[in-house]
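Have a look at run23.pdb below; it lists PDB, C-alpha atoms.
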```
ATOM      1  CA  MET I  16      -4.212  -7.459  12.980
ATOM      2  CA  SER I  17      -5.650  -6.172   9.719
ATOM      3  CA  GLU I  18      -8.089  -3.966  11.642
ATOM      4  CA  ALA I  19      -5.202  -2.277  13.459
ATOM      5  CA  LYS I  20      -3.390  -1.830  10.152
ATOM      6  CA  THR I  21      -6.401  -0.131   8.583
ATOM      7  CA  GLN I  22      -6.719   2.168  11.607
ATOM      8  CA  ILE I  23      -3.044   3.134  11.344
ATOM      9  CA  GLU I  24      -3.466   3.623   7.607
ATOM     10  CA  SER I  25      -6.486   5.878   8.130
ATOM     11  CA  ILE I  26      -4.559   7.949  10.708
ATOM     12  CA  ARG I  27      -1.615   8.248   8.302
ATOM     13  CA  LYS I  28      -3.965   9.311   5.504
ATOM     14  CA  TRP I  29      -5.526  12.002   7.737
ATOM     15  CA  VAL I  30      -2.080  13.302   8.730
ATOM     16  CA  VAL I  31      -1.021  13.447   5.059
ATOM     17  CA  GLU I  32      -4.159  15.409   4.160
ATOM     18  CA  HIS I  33      -3.897  17.783   7.165
ATOM     19  CA  LYS I  34      -0.165  18.360   7.619
ATOM     20  CA  LEU I  35      -0.329  21.927   8.907
ATOM     21  CA  ARG I  36      -3.189  21.173  11.274
ATOM     22  CA  THR I  37      -1.195  18.244  12.667
ATOM     23  CA  VAL I  38       1.910  20.395  13.192
ATOM     24  CA  GLY I  39      -0.191  23.153  14.783
ATOM     25  CA  CYS I  40      -1.879  20.769  17.195
ATOM     26  CA  LEU I  41       1.471  19.268  18.094
ATOM     27  CA  TRP I  42       2.875  22.758  18.739
ATOM     28  CA  LEU I  43      -0.113  23.704  20.894
ATOM     29  CA  SER I  44       0.107  20.535  22.965
ATOM     30  CA  GLY I  45       3.871  20.979  23.294
ATOM     31  CA  ILE I  46       3.701  24.535  24.547
ATOM     32  CA  THR I  47       0.812  23.686  26.890
ATOM     33  CA  GLY I  48       2.689  20.748  28.365
ATOM     34  CA  SER I  49       5.893  22.737  28.694
ATOM     35  CA  ILE I  50       4.140  25.635  30.434
ATOM     36  CA  ALA I  51       2.432  23.203  32.810
ATOM     37  CA  TYR I  52       5.758  21.532  33.598
ATOM     38  CA  ASN I  53       7.624  24.821  34.050
ATOM     39  CA  TRP I  54       4.899  26.261  36.299
ATOM     40  CA  SER I  55       5.422  23.321  38.671
ATOM     41  CA  ARG I  56       9.007  24.481  39.228
ATOM     42  CA  PRO I  57       8.781  27.287  41.812
ATOM     43  CA  ASN I  58      12.350  28.637  41.736
ATOM     44  CA  MET I  59      12.214  30.038  38.197
ATOM     45  CA  LYS I  60      11.178  33.528  37.139
ATOM     46  CA  THR I  61       8.018  33.777  35.030
ATOM     47  CA  SER I  62       9.933  35.159  32.050
ATOM     48  CA  VAL I  63      12.321  32.173  32.136
ATOM     49  CA  LYS I  64       9.377  29.761  32.324
ATOM     50  CA  ILE I  65       7.815  31.326  29.220
ATOM     51  CA  ILE I  66      11.114  31.328  27.319
ATOM     52  CA  HIS I  67      11.694  27.650  28.140
ATOM     53  CA  ALA I  68       8.154  26.771  27.061
ATOM     54  CA  ARG I  69       8.671  28.578  23.754
ATOM     55  CA  LEU I  70      11.983  26.830  23.129
ATOM     56  CA  HIS I  71      10.528  23.401  23.890
ATOM     57  CA  ALA I  72       7.561  24.031  21.605
ATOM     58  CA  GLN I  73       9.847  25.348  18.863
ATOM     59  CA  ALA I  74      11.997  22.207  18.998
ATOM     60  CA  LEU I  75       8.887  20.016  18.908
ATOM     61  CA  THR I  76       7.562  21.967  15.918
ATOM     62  CA  LEU I  77      10.820  21.563  14.012
ATOM     63  CA  GLY I  78      10.667  17.836  14.678
ATOM     64  CA  ALA I  79       7.055  17.723  13.478
ATOM     65  CA  LEU I  80       7.925  19.638  10.301
ATOM     66  CA  ALA I  81      10.801  17.241   9.631
ATOM     67  CA  GLY I  82       8.396  14.339  10.142
ATOM     68  CA  ALA I  83       5.887  15.918   7.746
ATOM     69  CA  ALA I  84       8.665  16.347   5.179
ATOM     70  CA  LEU I  85       9.576  12.661   5.521
ATOM     71  CA  VAL I  86       5.940  11.639   5.073
ATOM     72  CA  GLU I  87       5.703  13.833   1.966
ATOM     73  CA  TYR I  88       8.932  12.366   0.576
ATOM     74  CA  TYR I  89       7.702   8.826   1.254
ATOM     75  CA  ASP I  90       4.357   9.528  -0.444
ATOM     76  CA  HIS I  91       6.047  11.004  -3.539
ATOM     77  CA  LYS I  92       8.468   8.093  -3.737
ATOM     78  CA  LYS I  93       5.628   5.585  -3.260
ATOM     79  CA  GLY I  94       3.545   7.410  -5.879
ATOM     80  CA  ALA I  95       6.432   7.303  -8.370
ATOM     81  CA  LYS I  96       6.788   3.538  -7.907
ATOM     82  CA  ALA I  97       3.056   3.004  -8.321
ATOM     83  CA  SER I  98       2.970   4.969 -11.580
ATOM     84  CA  THR I  99       5.904   3.034 -13.121
ATOM     85  CA  SER I 100       4.537  -0.401 -12.195
TER      86      SER I 100
END
```
Show me, as structure tokens, the structure contained in the file I just sent.
Amino acid sequence: MSEAKTQIESIRKWVVEHKLRTVGCLWLSGITGSIAYNWSRPNMKTSVKIIHARLHAQALTLGALAGAALVEYYDHKKGAKASTS
């Protein structure tokens, strides 16, 4: 159990240190997955497929940025508690 906790903690630490890289990788995987899904649907025009892929990736990126903001807020709040204790 403690080994899994340390692995999760190390992943969280990496994400905190590399926020923009994490959001960029999430965007890239989102747009790739969305393009792959849209290309499997034959009755859509290519321009519509690309627009849908962009919209899906944009929504995923906004979610990732909100998540990064929450992590930053949590770290600042945790840091403030640690400094007062």
* **Atomic distance atom CA of Lys60 of chain I - atom CA of Trp42 of chain I, expressed in Å with one decimal** =>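 A separation of 22.9 Å between them.
Atom CA of Val31 of chain I to atom CA of His71 of chain I spans 24.2 Å [interatomic distance, one decimal].
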* Mind telling me what the PyMOL selection byres ((chain I and resi 80) around 12) catches here, as number ranges by chain? -> I: 30, 34-39, 41-42, 73-79, 81-87
* Asked: If you measure from atom CA of Leu70 of chain I to atom CA of Ser55 of chain I, what distance in Å do you get, rounded to one decimal?
  ->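 Computing it gives 17.2 Å between the two atoms.
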* **Selection result for the PyMOL selection byres ((chain I and resi 46) around 8) on this file, as a list of chain:residue names** =>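 Selected by the PyMOL selection byres ((chain I and resi 46) around 8) here: I:Trp42, I:Leu43, I:Ser44, I:Gly45, I:Thr47, I:Gly48, I:Ser49, I:Ile50, I:Ala68, I:Arg69, I:His71, I:Ala72.
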* To do: Kindly indicate which residue among I:Cys40, I:Lys93, I:His67, I:Ser25 lies nearest to Tyr52 of chain I, using only C-alpha atoms for the distances.
  =>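 Between I:Cys40, I:Lys93, I:His67, I:Ser25, the residue approaching Tyr52 of chain I most closely is I:His67.
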